[in-house]
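K.L.:
Next comes structure.cif, mmCIF, N, CA and C atoms:
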```cif
data_input
loop_
_atom_site.label_atom_id
_atom_site.label_comp_id
_atom_site.auth_asym_id
_atom_site.auth_seq_id
_atom_site.Cartn_x
_atom_site.Cartn_y
_atom_site.Cartn_z
N PHE Q 11 111.09 -26.60 199.84
CA PHE Q 11 110.52 -25.53 199.05
C PHE Q 11 109.84 -26.06 197.80
N VAL Q 12 110.43 -27.05 197.17
CA VAL Q 12 109.85 -27.65 195.96
C VAL Q 12 108.48 -28.24 196.27
N ASP Q 13 108.36 -28.91 197.39
CA ASP Q 13 107.07 -29.51 197.75
C ASP Q 13 105.99 -28.44 197.92
N LYS Q 14 106.35 -27.28 198.47
CA LYS Q 14 105.39 -26.18 198.62
C LYS Q 14 104.95 -25.65 197.26
N ILE Q 15 105.88 -25.53 196.32
CA ILE Q 15 105.55 -25.07 194.96
C ILE Q 15 104.52 -26.01 194.35
N ILE Q 16 104.74 -27.29 194.50
CA ILE Q 16 103.82 -28.28 193.92
C ILE Q 16 102.48 -28.25 194.65
N LYS Q 17 102.51 -28.23 195.96
CA LYS Q 17 101.28 -28.25 196.75
C LYS Q 17 100.42 -27.02 196.48
N GLU Q 18 101.04 -25.86 196.41
CA GLU Q 18 100.30 -24.61 196.21
C GLU Q 18 99.91 -24.37 194.75
N GLY Q 19 100.47 -25.14 193.82
CA GLY Q 19 100.11 -25.00 192.41
C GLY Q 19 100.70 -23.77 191.73
N TYR Q 20 101.88 -23.36 192.17
CA TYR Q 20 102.52 -22.20 191.56
C TYR Q 20 103.05 -22.52 190.17
N ASN Q 21 103.03 -21.53 189.28
CA ASN Q 21 103.80 -21.61 188.05
C ASN Q 21 105.22 -21.22 188.39
N VAL Q 22 106.18 -21.64 187.58
CA VAL Q 22 107.59 -21.41 187.89
C VAL Q 22 108.29 -20.73 186.71
N LEU Q 23 109.06 -19.71 187.02
CA LEU Q 23 109.91 -19.03 186.04
C LEU Q 23 111.33 -19.07 186.56
N THR Q 24 112.24 -19.65 185.76
CA THR Q 24 113.66 -19.60 186.12
C THR Q 24 114.35 -18.69 185.12
N ILE Q 25 115.30 -17.92 185.63
CA ILE Q 25 116.06 -16.97 184.80
C ILE Q 25 117.53 -17.19 185.11
N GLU Q 26 118.32 -17.41 184.07
CA GLU Q 26 119.74 -17.61 184.29
C GLU Q 26 120.57 -16.90 183.25
N ASP Q 27 121.72 -16.45 183.68
CA ASP Q 27 122.68 -15.79 182.80
C ASP Q 27 123.66 -16.85 182.30
N ASN Q 28 123.07 -17.82 181.59
CA ASN Q 28 123.83 -18.96 181.12
C ASN Q 28 123.01 -19.65 180.03
N VAL Q 29 123.59 -20.65 179.40
CA VAL Q 29 122.88 -21.43 178.39
C VAL Q 29 121.83 -22.29 179.08
N LYS Q 30 120.64 -22.38 178.47
CA LYS Q 30 119.55 -23.16 179.07
C LYS Q 30 119.87 -24.65 179.12
N ILE Q 31 120.52 -25.16 178.07
CA ILE Q 31 120.81 -26.59 177.98
C ILE Q 31 121.74 -27.00 179.13
N GLY Q 32 121.25 -27.87 179.99
CA GLY Q 32 122.04 -28.35 181.11
C GLY Q 32 122.18 -27.36 182.24
N GLY Q 33 121.37 -26.32 182.23
CA GLY Q 33 121.50 -25.27 183.23
C GLY Q 33 120.56 -25.43 184.41
N PHE Q 34 120.49 -24.36 185.18
CA PHE Q 34 119.69 -24.31 186.40
C PHE Q 34 118.22 -24.61 186.12
N GLY Q 35 117.66 -23.99 185.09
CA GLY Q 35 116.24 -24.19 184.77
C GLY Q 35 115.91 -25.63 184.45
N GLU Q 36 116.76 -26.29 183.68
CA GLU Q 36 116.52 -27.69 183.37
C GLU Q 36 116.62 -28.56 184.62
N TYR Q 37 117.52 -28.20 185.51
CA TYR Q 37 117.66 -28.94 186.77
C TYR Q 37 116.39 -28.80 187.61
N VAL Q 38 115.91 -27.58 187.77
CA VAL Q 38 114.68 -27.34 188.52
C VAL Q 38 113.51 -28.06 187.86
N ASN Q 39 113.43 -27.97 186.54
CA ASN Q 39 112.36 -28.63 185.80
C ASN Q 39 112.36 -30.14 186.05
N SER Q 40 113.54 -30.76 186.02
CA SER Q 40 113.59 -32.22 186.21
C SER Q 40 113.16 -32.62 187.62
N ILE Q 41 113.56 -31.83 188.62
CA ILE Q 41 113.14 -32.13 189.99
C ILE Q 41 111.62 -32.00 190.13
N LEU Q 42 111.07 -30.92 189.59
CA LEU Q 42 109.62 -30.71 189.69
C LEU Q 42 108.84 -31.82 188.99
N ILE Q 43 109.27 -32.19 187.81
CA ILE Q 43 108.56 -33.24 187.07
C ILE Q 43 108.63 -34.58 187.80
N GLN Q 44 109.80 -34.90 188.36
CA GLN Q 44 109.94 -36.15 189.12
C GLN Q 44 108.99 -36.19 190.31
N LYS Q 45 108.64 -35.02 190.85
CA LYS Q 45 107.76 -34.95 192.02
C LYS Q 45 106.30 -34.73 191.63
N GLY Q 46 105.98 -34.79 190.32
CA GLY Q 46 104.59 -34.71 189.89
C GLY Q 46 104.09 -33.32 189.57
N PHE Q 47 104.97 -32.40 189.29
CA PHE Q 47 104.59 -31.01 188.96
C PHE Q 47 103.72 -30.98 187.71
N LYS Q 48 102.59 -30.26 187.78
CA LYS Q 48 101.65 -30.20 186.66
C LYS Q 48 101.41 -28.78 186.14
N GLU Q 49 102.00 -27.80 186.79
CA GLU Q 49 101.75 -26.40 186.39
C GLU Q 49 102.72 -25.98 185.29
N LYS Q 50 102.69 -24.70 184.96
CA LYS Q 50 103.55 -24.17 183.90
C LYS Q 50 104.94 -23.87 184.43
N ILE Q 51 105.93 -24.12 183.58
CA ILE Q 51 107.30 -23.72 183.89
C ILE Q 51 107.90 -23.07 182.65
N LYS Q 52 108.59 -21.98 182.86
CA LYS Q 52 109.27 -21.26 181.78
C LYS Q 52 110.73 -21.11 182.19
N ILE Q 53 111.61 -21.52 181.30
CA ILE Q 53 113.05 -21.41 181.53
C ILE Q 53 113.58 -20.30 180.62
N MET Q 54 114.14 -19.28 181.25
CA MET Q 54 114.74 -18.18 180.48
C MET Q 54 116.25 -18.25 180.64
N GLY Q 55 116.94 -18.22 179.53
CA GLY Q 55 118.40 -18.26 179.51
C GLY Q 55 118.85 -18.13 178.07
N TYR Q 56 120.14 -18.24 177.86
CA TYR Q 56 120.68 -18.11 176.50
C TYR Q 56 120.40 -19.37 175.69
N GLU Q 57 120.07 -19.18 174.44
CA GLU Q 57 119.95 -20.31 173.51
C GLU Q 57 121.36 -20.82 173.22
N ASP Q 58 121.47 -22.01 172.67
CA ASP Q 58 122.77 -22.62 172.39
C ASP Q 58 123.29 -22.14 171.04
N HIS Q 59 123.90 -20.97 171.05
CA HIS Q 59 124.51 -20.42 169.83
C HIS Q 59 125.56 -19.39 170.22
N PHE Q 60 126.37 -18.99 169.26
CA PHE Q 60 127.36 -17.96 169.53
C PHE Q 60 126.66 -16.63 169.74
N ILE Q 61 127.15 -15.88 170.69
CA ILE Q 61 126.53 -14.61 171.04
C ILE Q 61 127.38 -13.47 170.48
N ASP Q 62 126.70 -12.49 169.87
CA ASP Q 62 127.39 -11.33 169.30
C ASP Q 62 128.03 -10.47 170.39
N HIS Q 63 128.90 -9.58 169.93
CA HIS Q 63 129.50 -8.61 170.84
C HIS Q 63 128.59 -7.40 170.94
N ALA Q 64 128.34 -6.97 172.16
CA ALA Q 64 127.51 -5.78 172.42
C ALA Q 64 127.59 -5.48 173.91
N SER Q 65 126.94 -4.42 174.31
CA SER Q 65 126.88 -4.12 175.74
C SER Q 65 126.02 -5.18 176.43
N VAL Q 66 126.15 -5.27 177.74
CA VAL Q 66 125.39 -6.27 178.49
C VAL Q 66 123.89 -6.06 178.27
N ASP Q 67 123.43 -4.83 178.37
CA ASP Q 67 122.00 -4.55 178.18
C ASP Q 67 121.53 -4.93 176.78
N GLU Q 68 122.35 -4.63 175.77
CA GLU Q 68 121.98 -5.00 174.40
C GLU Q 68 121.92 -6.51 174.23
N LEU Q 69 122.88 -7.21 174.81
CA LEU Q 69 122.88 -8.68 174.71
C LEU Q 69 121.67 -9.28 175.40
N LEU Q 70 121.34 -8.77 176.58
CA LEU Q 70 120.17 -9.28 177.28
C LEU Q 70 118.90 -9.08 176.47
N ASP Q 71 118.78 -7.92 175.83
CA ASP Q 71 117.62 -7.68 174.97
C ASP Q 71 117.62 -8.59 173.76
N LEU Q 72 118.79 -8.79 173.14
CA LEU Q 72 118.88 -9.67 171.97
C LEU Q 72 118.51 -11.11 172.31
N GLU Q 73 118.82 -11.52 173.52
CA GLU Q 73 118.54 -12.89 173.95
C GLU Q 73 117.21 -13.03 174.68
N ASN Q 74 116.40 -11.98 174.64
CA ASN Q 74 115.11 -11.97 175.33
C ASN Q 74 115.24 -12.23 176.82
N LEU Q 75 116.26 -11.59 177.41
CA LEU Q 75 116.49 -11.71 178.84
C LEU Q 75 116.49 -10.34 179.53
N GLY Q 76 116.07 -9.32 178.81
CA GLY Q 76 116.01 -7.99 179.39
C GLY Q 76 114.80 -7.84 180.30
N VAL Q 77 114.72 -6.71 180.94
CA VAL Q 77 113.64 -6.45 181.90
C VAL Q 77 112.27 -6.61 181.26
N ASP Q 78 112.08 -6.05 180.08
CA ASP Q 78 110.76 -6.14 179.43
C ASP Q 78 110.39 -7.58 179.11
N ALA Q 79 111.35 -8.38 178.66
CA ALA Q 79 111.08 -9.78 178.34
C ALA Q 79 110.71 -10.56 179.60
N ILE Q 80 111.41 -10.28 180.70
CA ILE Q 80 111.10 -10.96 181.96
C ILE Q 80 109.70 -10.58 182.44
N ILE Q 81 109.37 -9.31 182.37
CA ILE Q 81 108.03 -8.86 182.78
C ILE Q 81 106.97 -9.53 181.92
N ASN Q 82 107.20 -9.64 180.62
CA ASN Q 82 106.23 -10.30 179.74
C ASN Q 82 106.03 -11.76 180.10
N GLU Q 83 107.11 -12.45 180.45
CA GLU Q 83 106.98 -13.86 180.83
C GLU Q 83 106.23 -14.00 182.15
N ILE Q 84 106.48 -13.10 183.08
CA ILE Q 84 105.73 -13.13 184.34
C ILE Q 84 104.25 -12.92 184.07
N LYS Q 85 103.93 -11.99 183.20
CA LYS Q 85 102.52 -11.74 182.86
C LYS Q 85 101.89 -12.97 182.21
N LYS Q 86 102.62 -13.66 181.36
CA LYS Q 86 102.09 -14.87 180.71
C LYS Q 86 101.81 -15.96 181.74
N LEU Q 87 102.70 -16.10 182.71
CA LEU Q 87 102.53 -17.15 183.72
C LEU Q 87 101.46 -16.80 184.75
N TYR Q 88 101.33 -15.51 185.04
CA TYR Q 88 100.43 -15.08 186.10
C TYR Q 88 99.47 -14.01 185.59
N TRP Q 89 98.93 -14.19 184.40
CA TRP Q 89 98.11 -13.17 183.75
C TRP Q 89 96.93 -12.75 184.60
N VAL Q 90 96.49 -13.59 185.49
CA VAL Q 90 95.33 -13.27 186.35
C VAL Q 90 95.66 -12.09 187.25
N LEU Q 91 96.92 -11.93 187.63
CA LEU Q 91 97.31 -10.88 188.56
C LEU Q 91 97.36 -9.50 187.92
N PHE Q 92 97.42 -9.43 186.60
CA PHE Q 92 97.63 -8.13 185.93
C PHE Q 92 96.38 -7.63 185.27
#
```
How does the structure come out when it is put into structure tokens?

P.N.:
Amino acid sequence: FVDKIIKEGYNVLTIEDNVKIGGFGEYVNSILIQKGFKEKIKIMGYEDHFIDHASVDELLDLENLGVDAIINEIKKLYWVLF
């Protein structure tokens, strides 16, 4: 699947409900770069800091992981489609 992403020239967006440092997005990023990936990649996840207490939806919005933030990142990566 990674080879197809590189061959087709896709941009990549990873989203995780975890800290970005050492997470899924960084793992995907390292594999893509090792294979010569040249397109855009955006990793969405929690920054490395203590997180406040709130509802899940409020926390996702505070961490820029809510629906609107995800849609905005997709638009930035694939602005031609919108």

K.L.:
Give the padded box for stretch 44-63 of chain Q as JSON: axis-aligned, covering all atoms listed in the file, 8 Å on each side, centre and edge lengths in Å to one decimal.

P.N.:
```
{"center_x": 115.5, "center_y": -21.8, "center_z": 180.6, "size_x": 44.1, "size_y": 44.8, "size_z": 38.8}
```

K.L.:
Quick one: pull the distance between atom C of Q:Phe47 and atom C of Q:Ile16, Å, one decimal.

P.N.:
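If I compute the distance from atom C of Q:Phe47 to atom C of Q:Ile16, I get 7.6 Å.
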
K.L.:
If you count only C-alpha atoms, which residues fall within 12 Å of Q:Asp71, apart from same-chain ones fewer than 5 positions away, as a VMD selection string?

P.N.:
chain Q and resid 55 to 56 61 to 62 64 to 66 76 to 80

K.L.:
Can you work out the spacing between atom C of Q:Ile51 and atom CA of Q:Tyr20 in Å, to one decimal?

P.N.:
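Computing it gives 10.4 Å between the two atoms.
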
K.L.:
Would you mind reading off the distance between atom CA of Q:Asn21 and atom CA of Q:Lys50, one decimal, in Å?

P.N.:
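Computed distance, atom CA of Q:Asn21 to atom CA of Q:Lys50, equals 4.9 Å.
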
K.L.:
Skip Q:Phe34 itself and residues of its chain fewer than 6 positions away, then list as a PyMOL selection string all residues within 9 Å of it, counting only C-alpha atoms.

P.N.:
chain Q and resi 24-26+28+53

K.L.:
Run DSSP on the backbone and tell me which residues of chain Q come out as strand (DSSP E); list them as a list of chain:residue names.

P.N.:
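The residues of chain Q classed as strand (DSSP E) are Q:Val22, Q:Leu23, Q:Thr24, Q:Ile25, Q:Glu26, Q:Asp27, Q:Asn28, Q:Val29, Q:Ile51, Q:Lys52, Q:Ile53, Q:Met54, Q:Gly55, Q:Tyr56.
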
K.L.:
Could you please write out, as a tab-separated table (two decimals) with N, CA and C atoms, keeping the file's coordinate frame, every residue of chain Q that DSSP assigns to alpha helix (DSSP H)?

P.N.:
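Produced file selection.tsv, reproduced below:
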```
chain	number	residue	atom	x	y	z
Q	12	VAL	N	110.43	-27.05	197.17
Q	12	VAL	CA	109.85	-27.65	195.96
Q	12	VAL	C	108.48	-28.24	196.27
Q	13	ASP	N	108.36	-28.91	197.39
Q	13	ASP	CA	107.07	-29.51	197.75
Q	13	ASP	C	105.99	-28.44	197.92
Q	14	LYS	N	106.35	-27.28	198.47
Q	14	LYS	CA	105.39	-26.18	198.62
Q	14	LYS	C	104.95	-25.65	197.26
Q	15	ILE	N	105.88	-25.53	196.32
Q	15	ILE	CA	105.55	-25.07	194.96
Q	15	ILE	C	104.52	-26.01	194.35
Q	16	ILE	N	104.74	-27.29	194.50
Q	16	ILE	CA	103.82	-28.28	193.92
Q	16	ILE	C	102.48	-28.25	194.65
Q	17	LYS	N	102.51	-28.23	195.96
Q	17	LYS	CA	101.28	-28.25	196.75
Q	17	LYS	C	100.42	-27.02	196.48
Q	18	GLU	N	101.04	-25.86	196.41
Q	18	GLU	CA	100.30	-24.61	196.21
Q	18	GLU	C	99.91	-24.37	194.75
Q	34	PHE	N	120.49	-24.36	185.18
Q	34	PHE	CA	119.69	-24.31	186.40
Q	34	PHE	C	118.22	-24.61	186.12
Q	35	GLY	N	117.66	-23.99	185.09
Q	35	GLY	CA	116.24	-24.19	184.77
Q	35	GLY	C	115.91	-25.63	184.45
Q	36	GLU	N	116.76	-26.29	183.68
Q	36	GLU	CA	116.52	-27.69	183.37
Q	36	GLU	C	116.62	-28.56	184.62
Q	37	TYR	N	117.52	-28.20	185.51
Q	37	TYR	CA	117.66	-28.94	186.77
Q	37	TYR	C	116.39	-28.80	187.61
Q	38	VAL	N	115.91	-27.58	187.77
Q	38	VAL	CA	114.68	-27.34	188.52
Q	38	VAL	C	113.51	-28.06	187.86
Q	39	ASN	N	113.43	-27.97	186.54
Q	39	ASN	CA	112.36	-28.63	185.80
Q	39	ASN	C	112.36	-30.14	186.05
Q	40	SER	N	113.54	-30.76	186.02
Q	40	SER	CA	113.59	-32.22	186.21
Q	40	SER	C	113.16	-32.62	187.62
Q	41	ILE	N	113.56	-31.83	188.62
Q	41	ILE	CA	113.14	-32.13	189.99
Q	41	ILE	C	111.62	-32.00	190.13
Q	42	LEU	N	111.07	-30.92	189.59
Q	42	LEU	CA	109.62	-30.71	189.69
Q	42	LEU	C	108.84	-31.82	188.99
Q	43	ILE	N	109.27	-32.19	187.81
Q	43	ILE	CA	108.56	-33.24	187.07
Q	43	ILE	C	108.63	-34.58	187.80
Q	44	GLN	N	109.80	-34.90	188.36
Q	44	GLN	CA	109.94	-36.15	189.12
Q	44	GLN	C	108.99	-36.19	190.31
Q	66	VAL	N	126.15	-5.27	177.74
Q	66	VAL	CA	125.39	-6.27	178.49
Q	66	VAL	C	123.89	-6.06	178.27
Q	67	ASP	N	123.43	-4.83	178.37
Q	67	ASP	CA	122.00	-4.55	178.18
Q	67	ASP	C	121.53	-4.93	176.78
Q	68	GLU	N	122.35	-4.63	175.77
Q	68	GLU	CA	121.98	-5.00	174.40
Q	68	GLU	C	121.92	-6.51	174.23
Q	69	LEU	N	122.88	-7.21	174.81
Q	69	LEU	CA	122.88	-8.68	174.71
Q	69	LEU	C	121.67	-9.28	175.40
Q	70	LEU	N	121.34	-8.77	176.58
Q	70	LEU	CA	120.17	-9.28	177.28
Q	70	LEU	C	118.90	-9.08	176.47
Q	71	ASP	N	118.78	-7.92	175.83
Q	71	ASP	CA	117.62	-7.68	174.97
Q	71	ASP	C	117.62	-8.59	173.76
Q	72	LEU	N	118.79	-8.79	173.14
Q	72	LEU	CA	118.88	-9.67	171.97
Q	72	LEU	C	118.51	-11.11	172.31
Q	77	VAL	N	114.72	-6.71	180.94
Q	77	VAL	CA	113.64	-6.45	181.90
Q	77	VAL	C	112.27	-6.61	181.26
Q	78	ASP	N	112.08	-6.05	180.08
Q	78	ASP	CA	110.76	-6.14	179.43
Q	78	ASP	C	110.39	-7.58	179.11
Q	79	ALA	N	111.35	-8.38	178.66
Q	79	ALA	CA	111.08	-9.78	178.34
Q	79	ALA	C	110.71	-10.56	179.60
Q	80	ILE	N	111.41	-10.28	180.70
Q	80	ILE	CA	111.10	-10.96	181.96
Q	80	ILE	C	109.70	-10.58	182.44
Q	81	ILE	N	109.37	-9.31	182.37
Q	81	ILE	CA	108.03	-8.86	182.78
Q	81	ILE	C	106.97	-9.53	181.92
Q	82	ASN	N	107.20	-9.64	180.62
Q	82	ASN	CA	106.23	-10.30	179.74
Q	82	ASN	C	106.03	-11.76	180.10
Q	83	GLU	N	107.11	-12.45	180.45
Q	83	GLU	CA	106.98	-13.86	180.83
Q	83	GLU	C	106.23	-14.00	182.15
Q	84	ILE	N	106.48	-13.10	183.08
Q	84	ILE	CA	105.73	-13.13	184.34
Q	84	ILE	C	104.25	-12.92	184.07
Q	85	LYS	N	103.93	-11.99	183.20
Q	85	LYS	CA	102.52	-11.74	182.86
Q	85	LYS	C	101.89	-12.97	182.21
Q	86	LYS	N	102.62	-13.66	181.36
Q	86	LYS	CA	102.09	-14.87	180.71
Q	86	LYS	C	101.81	-15.96	181.74
Q	87	LEU	N	102.70	-16.10	182.71
Q	87	LEU	CA	102.53	-17.15	183.72
Q	87	LEU	C	101.46	-16.80	184.75
```

K.L.:
Which is closest to Q:Ile84 among Q:Leu69, Q:Met54, Q:Ile41, Q:Val12, if we use only C-alpha atoms?

P.N.:
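The answer is Q:Met54, which sits nearest to Q:Ile84.
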